[in-house]
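What follows is a short report on a single structure.
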Amino acid sequence: MKTTDALYVYGVVPKGTSPDIFANVGAEVELVEGGELAAIASRVPLAEFGEEALEANLKDPAWLEQKVNEHNAILAACVGVTTVLPFRFAAVYRDDDQVRRMLSERPELVDTLARLEGAVELGVKALLDPEALRARLAHARGLDPEVGSGRAYMMWKQLERELDEEVRSFAASCAEASHERLAAAAVDACVNPAQHPTVAGGEMLLNGAYLVRSDGDGEFRAALRQLQARYADDGVTYELTGPWPPYNFVGEEEAA
Amino acid sequence: MRSSAGGGPAQLADVLERVLDKGIVIAGDIQVNLLDIELLTIRLRLLVASADKAREMGIDWWEGDPFLGRGQKNEELEDRLKRLERAAGIDGDSRSGEND
């Protein structure tokens with residue numbers, strides 16, 4: 001290997017995994033084997049991933065977006081084919097020996113692979129249309145949002161405050177009930193911070209990640225359909241994403 | 001129920017939060033400051049959310065940004081981040097460790 005190159009490691013798969021699964025990812029990928037494990041890696045120029053270059057490139061959002069998408073695409077190629085442990089962005093090694101050393105120094109990765117065998121991550125985002133919910137709540141009270149006399153206006157303002165409170169309370173209980181229901185149908189589960197409304201396309205009640213058996217996700221999907229039916233009239237929609245590599249379930253401090 | 005496979009800002013946000021915030025953290029031979037990555041994550045969330053809003057908040061995006069300047073104490077950065085996250089309505093507690 002040229003000293004102008006380095007190895008970018010995307011993640012780890014079991015030893016013996018065929019490199020053919022990366023045939024269509026649009027990047028040259030190789031597997032560096034060590035012990036029971038194989039690191040998924042690409043040769044990258046130090047001119048791009050060396051310390052100083054990397055620090056500069058990280059400030060370029062277009063560069064970062066492309067590299068982050070590529071990182072995910074390569075790991076995603078493993079989903080449903082073999083178990084994969086995703087590494088966080090930009091784990092870069094000088095050469096194959098350093099990658100093999102890393103693999104030998106992390107025997108717990110073998111256990112994590114065994115734990116996650118046959119499992120994939122599904123994402124569920126629940127979005128609330130607060131106006132739809134407010135309209136329904138107002139209607140349920142038999143109230144007509146017509147602003148007439150001063151007295152009606154005052155009553156309407158009072159109602160607005162009560163509706164605000166009801167929407168907040170509903171959002172919290174819906175998020176909790178949704179996560180509980182989905183977690184019950186999953187092997188493992190975690191809740192991530194809600195995404196910004198502008199990017200989410202609405203008020204995000206829940207941003208959950210769920211570990212499910214890839215050959216038995218019927219129960220999970222059924223649970224999601226139940227939630228959709230139960231909360232549709234309240235202005236809640238659910239978005240399913242994935243299957244993803246188990247990004248949210250490889251952390252050592254995950255237990256909490 | 002909608003199901004998304006690719007494209008759009010929501011998809012990018014999903015990928016960013018996973019690739020930059022999650023996954024196994026292993027120190028490679030090339031050391032990048034993890035705090036920088038955390039800052040980037042926050043800023044990318046803002047980027048995909050609303051560049052206009054960020055400008056309103058006085059974040060001068062990638063050029064001449066004091067965030068990545070050297071010599072600032074981590075505590076100051078952390079405090080500043082928390083204030084920005086609150087202002088932006090972003091819960092930054094996914095950054096594990098001291099916030100848990």
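By order of appearance in the structure tokens: chains A, B, ..., then residues from 1 within every chain, and ligands from 1 in the order shown.
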With 9 Å as the limit and counting only C-alpha atoms, what residues in chain A lie close to chain B? Please list them as an NGL selection string. :A and (8-9 or 11 or 49-52 or 54-55 or 58-61 or 65 or 68-69 or 71-72 or 85-94 or 98-99 or 102 or 123 or 192-201 or 224-225 or 228 or 237-242 or 246-253 or 256)
Members of stretch 91-256 of chain A assigned strand (DSSP E or B) by DSSP, as a count of residues only: 37
Calculate how many Å separate atom CA of A:Gln66 from atom CA of A:Val84, rounding to one decimal.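 Pair atom CA of A:Gln66 / atom CA of A:Val84 returns 21.2 Å.
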Name all residues at most 12 Å from A:Glu108 (count only C-alpha atoms; drop same-chain ones fewer than 2 positions away) and give them as a ChimeraX atom specification. /A:12,35-37,85,102-106,110-115,250-252 /B:24
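Here atom CA of A:Thr83 is placed at a distance of 22.5 Å from atom CA of A:Val191.
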